[in-house]
>>> print(open('target_18.cif').read())   # mmCIF, C-alpha atoms
data_target
loop_
_atom_site.label_atom_id
_atom_site.label_comp_id
_atom_site.auth_asym_id
_atom_site.auth_seq_id
_atom_site.Cartn_x
_atom_site.Cartn_y
_atom_site.Cartn_z
CA LEU A 211 74.11 101.37 93.82
CA PRO A 212 77.59 101.61 95.33
CA SER A 213 78.68 103.70 92.33
CA GLY A 214 76.22 106.42 93.32
CA LEU A 215 74.64 106.45 89.86
CA VAL A 216 70.97 107.39 89.87
CA GLU A 217 69.00 106.84 86.66
CA LYS A 218 66.94 110.02 86.86
CA GLU A 219 70.09 112.10 87.32
CA ILE A 220 71.87 110.48 84.37
CA ASN A 221 68.77 110.90 82.19
CA LEU A 222 68.40 114.58 83.06
CA ASP A 223 72.11 115.20 82.50
CA MET A 224 71.87 113.50 79.09
CA ALA A 225 68.72 115.46 78.18
CA LEU A 226 70.44 118.76 79.02
CA ARG A 227 73.51 117.76 76.99
CA LEU A 228 71.28 116.83 74.04
CA GLU A 229 69.36 120.07 74.33
CA ARG A 230 72.58 122.13 74.18
CA ALA A 231 73.95 120.18 71.21
CA LEU A 232 70.66 120.18 69.31
CA LYS A 233 70.11 123.90 69.84
CA ALA A 234 73.66 124.52 68.62
CA SER A 235 72.63 122.64 65.45
CA GLY A 236 69.59 124.89 65.02
CA ALA A 237 66.91 122.57 66.40
CA GLN A 238 64.03 123.59 68.61
CA VAL A 239 63.96 121.41 71.72
CA VAL A 240 61.29 120.80 74.35
CA LEU A 241 62.25 118.90 77.50
CA THR A 242 59.64 117.20 79.65
CA ARG A 243 61.54 118.22 82.80
CA ARG A 244 64.49 120.37 83.88
CA ASP A 245 64.76 119.26 87.49
CA ASP A 246 63.89 116.35 89.79
CA THR A 247 60.20 116.44 88.90
CA PHE A 248 58.31 113.24 88.11
CA VAL A 249 56.47 113.28 84.79
CA SER A 250 54.40 110.23 83.86
CA LEU A 251 55.12 108.36 80.64
CA ASP A 252 51.75 109.40 79.23
CA ASP A 253 52.39 113.06 80.08
CA ARG A 254 55.84 112.98 78.47
CA ALA A 255 54.53 111.72 75.14
CA GLN A 256 51.39 113.86 75.38
CA LEU A 257 53.53 117.00 75.79
CA ALA A 258 55.36 116.12 72.58
CA ASN A 259 52.02 115.50 70.84
CA GLU A 260 50.61 118.84 72.03
CA ARG A 261 53.72 120.75 70.96
CA GLY A 262 53.68 119.19 67.50
CA ALA A 263 57.13 117.67 67.92
CA HIS A 264 58.68 116.08 64.84
CA VAL A 265 60.65 113.52 66.87
CA PHE A 266 60.33 112.12 70.39
CA LEU A 267 63.18 110.63 72.43
CA SER A 268 62.81 108.91 75.78
CA LEU A 269 66.10 108.50 77.68
CA HIS A 270 66.70 105.69 80.17
CA VAL A 271 69.36 103.62 81.89
CA ASN A 272 68.96 99.87 81.60
CA ARG A 273 69.33 97.23 84.29
CA TYR A 274 69.35 93.46 84.15
CA PRO A 275 69.96 90.76 86.78
CA SER A 276 73.06 89.51 84.95
CA PRO A 277 76.04 91.88 85.15
CA GLU A 278 77.17 90.48 81.78
CA CYS A 279 74.63 92.57 79.82
CA PHE A 280 76.13 95.80 78.53
CA GLY A 281 75.77 98.47 75.89
CA ALA A 282 73.50 101.28 74.80
CA GLN A 283 70.37 100.23 72.93
CA THR A 284 67.41 101.80 71.19
CA PHE A 285 63.80 100.70 70.83
CA TYR A 286 60.97 101.75 68.52
CA PHE A 287 57.22 101.09 68.39
CA PRO A 288 56.74 97.98 66.21
CA SER A 289 54.29 99.53 63.70
CA SER A 290 56.25 102.77 63.22
CA GLU A 291 58.52 102.57 60.18
CA GLU A 292 59.87 106.07 60.82
CA GLY A 293 60.42 105.23 64.48
CA ARG A 294 62.33 102.15 63.33
CA ARG A 295 64.50 104.24 60.99
CA LEU A 296 65.19 106.71 63.82
CA ALA A 297 66.12 103.95 66.27
CA LEU A 298 68.36 102.22 63.71
CA LEU A 299 70.22 105.48 63.03
CA ILE A 300 70.70 106.15 66.74
CA GLN A 301 71.91 102.60 67.32
CA GLU A 302 74.32 102.86 64.40
CA GLU A 303 75.83 106.07 65.82
CA LEU A 304 76.02 104.60 69.34
CA LEU A 305 77.97 101.62 68.00
CA GLU A 306 80.49 104.04 66.47
CA ILE A 307 81.43 105.45 69.88
CA TYR A 308 81.65 102.06 71.64
CA PRO A 309 82.42 99.30 69.11
CA PRO A 310 82.32 96.38 71.62
CA ASN A 311 78.58 97.02 71.93
CA TYR A 312 76.76 94.32 69.96
CA ARG A 313 73.21 95.50 70.66
CA GLN A 314 70.74 96.27 67.88
CA ALA A 315 67.69 98.51 67.70
CA LEU A 316 64.62 96.45 68.56
CA PRO A 317 60.85 96.85 68.46
CA GLY A 318 59.34 97.57 71.86
CA ASN A 319 55.70 97.94 72.79
CA TYR A 320 56.52 100.54 75.44
CA ARG A 321 53.80 102.90 76.60
CA VAL A 322 55.77 106.07 75.89
CA LEU A 323 56.34 104.91 72.30
CA ARG A 324 52.67 103.92 71.85
CA VAL A 325 51.38 107.32 72.99
CA ALA A 326 53.77 109.41 70.87
CA ARG A 327 52.19 110.35 67.53
CA MET A 328 55.51 111.12 65.84
CA PRO A 329 58.60 109.02 65.14
CA ALA A 330 59.89 108.02 68.56
CA ALA A 331 62.78 106.11 70.05
CA LEU A 332 63.55 104.94 73.55
CA VAL A 333 67.30 105.10 74.22
CA GLU A 334 68.87 102.99 76.96
CA ILE A 335 72.21 104.72 77.59
CA GLY A 336 73.79 101.65 79.17
CA PHE A 337 73.34 99.03 81.87
CA VAL A 338 73.74 100.35 85.40
CA THR A 339 74.11 96.69 86.45
CA ASN A 340 77.30 96.27 84.37
CA ALA A 341 80.58 97.55 85.85
CA THR A 342 81.98 98.78 82.51
CA ASP A 343 78.79 100.62 81.57
CA ARG A 344 78.61 102.17 85.05
CA ALA A 345 82.19 103.40 84.72
CA LEU A 346 81.48 104.81 81.26
CA MET A 347 78.30 106.58 82.38
CA GLN A 348 80.26 108.28 85.16
CA ARG A 349 82.62 109.86 82.62
CA GLU A 350 81.77 113.30 81.23
CA ASP A 351 83.48 112.52 77.92
CA TYR A 352 81.41 109.37 77.43
CA ARG A 353 78.12 111.12 78.19
CA GLU A 354 79.15 113.87 75.78
CA ALA A 355 79.99 111.25 73.13
CA VAL A 356 76.57 109.59 73.59
CA ALA A 357 74.86 112.97 73.22
CA GLY A 358 76.90 113.64 70.08
CA ALA A 359 75.98 110.25 68.63
CA ILE A 360 72.27 110.89 69.20
CA VAL A 361 72.53 114.35 67.64
CA ARG A 362 74.32 112.95 64.57
CA ALA A 363 71.58 110.32 64.24
CA LEU A 364 68.84 112.95 64.52
CA ILE A 365 70.49 115.06 61.83
CA ARG A 366 70.73 112.01 59.58
CA PHE A 367 67.08 111.21 60.33
CA VAL A 368 65.91 114.71 59.39
CA ARG A 369 67.94 114.51 56.17
CA GLY A 370 66.04 111.35 55.26
CA GLU A 371 68.99 108.96 55.53
CA ALA A 372 68.56 105.25 56.09
CA ALA A 373 70.66 103.26 58.54
CA GLY A 374 73.52 101.44 56.87
CA ALA A 375 73.68 103.98 54.07
CA PRO A 376 76.72 106.19 53.63
CA ALA A 377 76.22 109.58 55.28
CA LEU A 378 75.03 112.33 52.94
CA GLU A 379 77.39 115.24 52.34
CA ASN A 380 76.54 118.40 54.27
CA THR A 381 75.68 120.86 51.55
CA SER A 382 74.58 123.70 53.80
#
>>> encode(input="target_18.cif", output="structure tokens")
Amino acid sequence: LPSGLVEKEINLDMALRLERALKASGAQVVLTRRDDTFVSLDDRAQLANERGAHVFLSLHVNRYPSPECFGAQTFYFPSSEEGRRLALLIQEELLEIYPPNYRQALPGNYRVLRVARMPAALVEIGFVTNATDRALMQREDYREAVAGAIVRALIRFVRGEAAGAPALENTS
């Protein structure tokens, strides 16, 4: 693309941001890659299964033929109620950082979600085919805000919160 955005670079940058923020919150984090190495969808989810992960996130950048489509969006495996709750919480937090986004968490029969044996969500950070999303994804502060939104959602998920419910007080 003329903007120079490359999905795998954005995804790795976001994964590293999430890792830093999650570790700062006390979480243990396992990344499927730390450099420009290809890891198949099956291998990504299988690594999480083997490590006994409690949650699995798959980060992506969306694209669509129409440049009108915009906004971050989450997906969950249709038969996973906990995956649905996770995706709804992430979507709710993403909408807080970019209110014009009208997207909702949706079921998706994606391979990486099918293979994961724990609650899982696929997060599309934005549409690389939309000029506004491209501009946002190029900004450090926006990528940091997206990482923060996902971390807040994960904390809410671990606390047992439901989407749409008022946030629980931090009693720790």
>>> resolve_selection(input="target_18.cif", expression="the PyMOL selection byres ((chain A and resi 323) around 12)", output="ChimeraX atom specification")
/A:251-256,258-259,265-269,284-290,293-294,297,317-322,324-333
>>> resolve_selection(input="target_18.cif", expression="the PyMOL selection byres ((chain A and resi 358) around 12)", output="PyMOL selection string")
chain A and resi 224-225+227-232+234-235+300+303-304+306-307+351-357+359-365
>>> atom_distance(input="target_18.cif", atom1="atom CA of A:Val216", atom2="atom CA of A:Gln301")
23.1 Å
>>> axis_aligned_box(input="target_18.cif", around="stretch 359-362 of chain A", padding_each_side="4 Å", output="AutoDock Vina command-line options")
--center_x 74.1 --center_y 112.3 --center_z 66.9 --size_x 11.7 --size_y 12.1 --size_z 12.6
>>> closest_residue(input="target_18.cif", among="A:Asn340, A:Gln283, A:Ser276, A:Asn221", to="A:Asn311", atoms="only C-alpha atoms")
A:Gln283
>>> closest_residue(input="target_18.cif", among="A:Gly214, A:Gly370, A:Gly236, A:Gly336", to="A:Glu292", atoms="all atoms listed in the file")
A:Gly370
>>> decode(input="target_18.cif", residues="stretch 254-290 of chain A", atoms="N, CA and C atoms", output="tab-separated table (two decimals), in the first residue's frame")
chain	number	residue	atom	x	y	z
A	254	ARG	N	-0.17	-21.67	15.76
A	254	ARG	CA	-0.39	-20.59	16.74
A	254	ARG	C	-1.32	-21.08	17.85
A	255	ALA	N	-2.46	-21.61	17.45
A	255	ALA	CA	-3.43	-22.08	18.44
A	255	ALA	C	-2.89	-23.30	19.19
A	256	GLN	N	-2.17	-24.17	18.49
A	256	GLN	CA	-1.63	-25.37	19.13
A	256	GLN	C	-0.60	-25.00	20.20
A	257	LEU	N	0.19	-23.97	19.96
A	257	LEU	CA	1.15	-23.50	20.97
A	257	LEU	C	0.41	-23.06	22.23
A	258	ALA	N	-0.67	-22.32	22.05
A	258	ALA	CA	-1.47	-21.89	23.20
A	258	ALA	C	-2.06	-23.10	23.93
A	259	ASN	N	-2.53	-24.09	23.18
A	259	ASN	CA	-3.07	-25.31	23.78
A	259	ASN	C	-1.99	-26.03	24.59
A	260	GLU	N	-0.81	-26.19	24.00
A	260	GLU	CA	0.28	-26.91	24.67
A	260	GLU	C	0.76	-26.19	25.93
A	261	ARG	N	0.73	-24.87	25.91
A	261	ARG	CA	1.19	-24.09	27.06
A	261	ARG	C	0.12	-23.93	28.13
A	262	GLY	N	-1.07	-24.42	27.87
A	262	GLY	CA	-2.15	-24.31	28.85
A	262	GLY	C	-2.63	-22.88	29.04
A	263	ALA	N	-2.62	-22.11	27.96
A	263	ALA	CA	-3.05	-20.71	28.05
A	263	ALA	C	-4.49	-20.61	28.52
A	264	HIS	N	-4.78	-19.56	29.26
A	264	HIS	CA	-6.15	-19.32	29.73
A	264	HIS	C	-6.96	-18.55	28.70
A	265	VAL	N	-6.27	-17.78	27.85
A	265	VAL	CA	-6.92	-16.95	26.83
A	265	VAL	C	-6.02	-16.95	25.60
A	266	PHE	N	-6.65	-16.88	24.42
A	266	PHE	CA	-5.90	-16.81	23.17
A	266	PHE	C	-6.40	-15.62	22.36
A	267	LEU	N	-5.47	-14.78	21.91
A	267	LEU	CA	-5.80	-13.66	21.03
A	267	LEU	C	-5.06	-13.82	19.72
A	268	SER	N	-5.75	-13.55	18.63
A	268	SER	CA	-5.14	-13.56	17.31
A	268	SER	C	-5.32	-12.16	16.73
A	269	LEU	N	-4.22	-11.48	16.45
A	269	LEU	CA	-4.27	-10.09	15.99
A	269	LEU	C	-4.14	-10.02	14.47
A	270	HIS	N	-4.96	-9.15	13.88
A	270	HIS	CA	-4.97	-9.00	12.42
A	270	HIS	C	-5.30	-7.56	12.03
A	271	VAL	N	-5.10	-7.29	10.75
A	271	VAL	CA	-5.53	-6.02	10.16
A	271	VAL	C	-6.49	-6.39	9.04
A	272	ASN	N	-7.64	-5.78	9.03
A	272	ASN	CA	-8.70	-6.10	8.08
A	272	ASN	C	-8.48	-5.40	6.75
A	273	ARG	N	-9.12	-5.91	5.74
A	273	ARG	CA	-9.16	-5.25	4.42
A	273	ARG	C	-10.47	-5.60	3.75
A	274	TYR	N	-10.96	-4.68	2.96
A	274	TYR	CA	-12.23	-4.90	2.27
A	274	TYR	C	-12.20	-4.08	0.99
A	275	PRO	N	-12.82	-4.55	-0.09
A	275	PRO	CA	-12.77	-3.81	-1.35
A	275	PRO	C	-13.29	-2.37	-1.24
A	276	SER	N	-14.29	-2.14	-0.40
A	276	SER	CA	-14.83	-0.79	-0.25
A	276	SER	C	-14.01	-0.02	0.78
A	277	PRO	N	-13.52	1.17	0.42
A	277	PRO	CA	-12.77	1.97	1.40
A	277	PRO	C	-13.67	2.59	2.47
A	278	GLU	N	-14.97	2.36	2.37
A	278	GLU	CA	-15.91	2.90	3.35
A	278	GLU	C	-15.90	2.12	4.66
A	279	CYS	N	-15.51	0.85	4.62
A	279	CYS	CA	-15.49	0.02	5.83
A	279	CYS	C	-14.36	0.46	6.75
A	280	PHE	N	-14.68	0.65	8.02
A	280	PHE	CA	-13.67	1.09	8.98
A	280	PHE	C	-13.98	0.51	10.35
A	281	GLY	N	-12.98	0.60	11.22
A	281	GLY	CA	-13.17	0.25	12.62
A	281	GLY	C	-12.58	-1.08	13.03
A	282	ALA	N	-12.14	-1.13	14.28
A	282	ALA	CA	-11.63	-2.36	14.88
A	282	ALA	C	-12.81	-3.28	15.19
A	283	GLN	N	-12.57	-4.58	15.10
A	283	GLN	CA	-13.65	-5.54	15.32
A	283	GLN	C	-13.10	-6.84	15.86
A	284	THR	N	-13.90	-7.50	16.68
A	284	THR	CA	-13.51	-8.78	17.26
A	284	THR	C	-14.45	-9.89	16.80
A	285	PHE	N	-13.90	-11.10	16.79
A	285	PHE	CA	-14.66	-12.29	16.41
A	285	PHE	C	-14.40	-13.38	17.44
A	286	TYR	N	-15.35	-14.28	17.58
A	286	TYR	CA	-15.26	-15.41	18.50
A	286	TYR	C	-15.82	-16.64	17.82
A	287	PHE	N	-15.40	-17.84	18.29
A	287	PHE	CA	-15.93	-19.08	17.73
A	287	PHE	C	-17.39	-19.22	18.16
A	288	PRO	N	-18.30	-19.50	17.23
A	288	PRO	CA	-19.73	-19.48	17.52
A	288	PRO	C	-20.19	-20.30	18.73
A	289	SER	N	-19.58	-21.44	19.00
A	289	SER	CA	-20.06	-22.28	20.11
A	289	SER	C	-19.35	-21.98	21.43
A	290	SER	N	-18.49	-20.98	21.47
A	290	SER	CA	-17.75	-20.67	22.69
A	290	SER	C	-18.38	-19.48	23.42
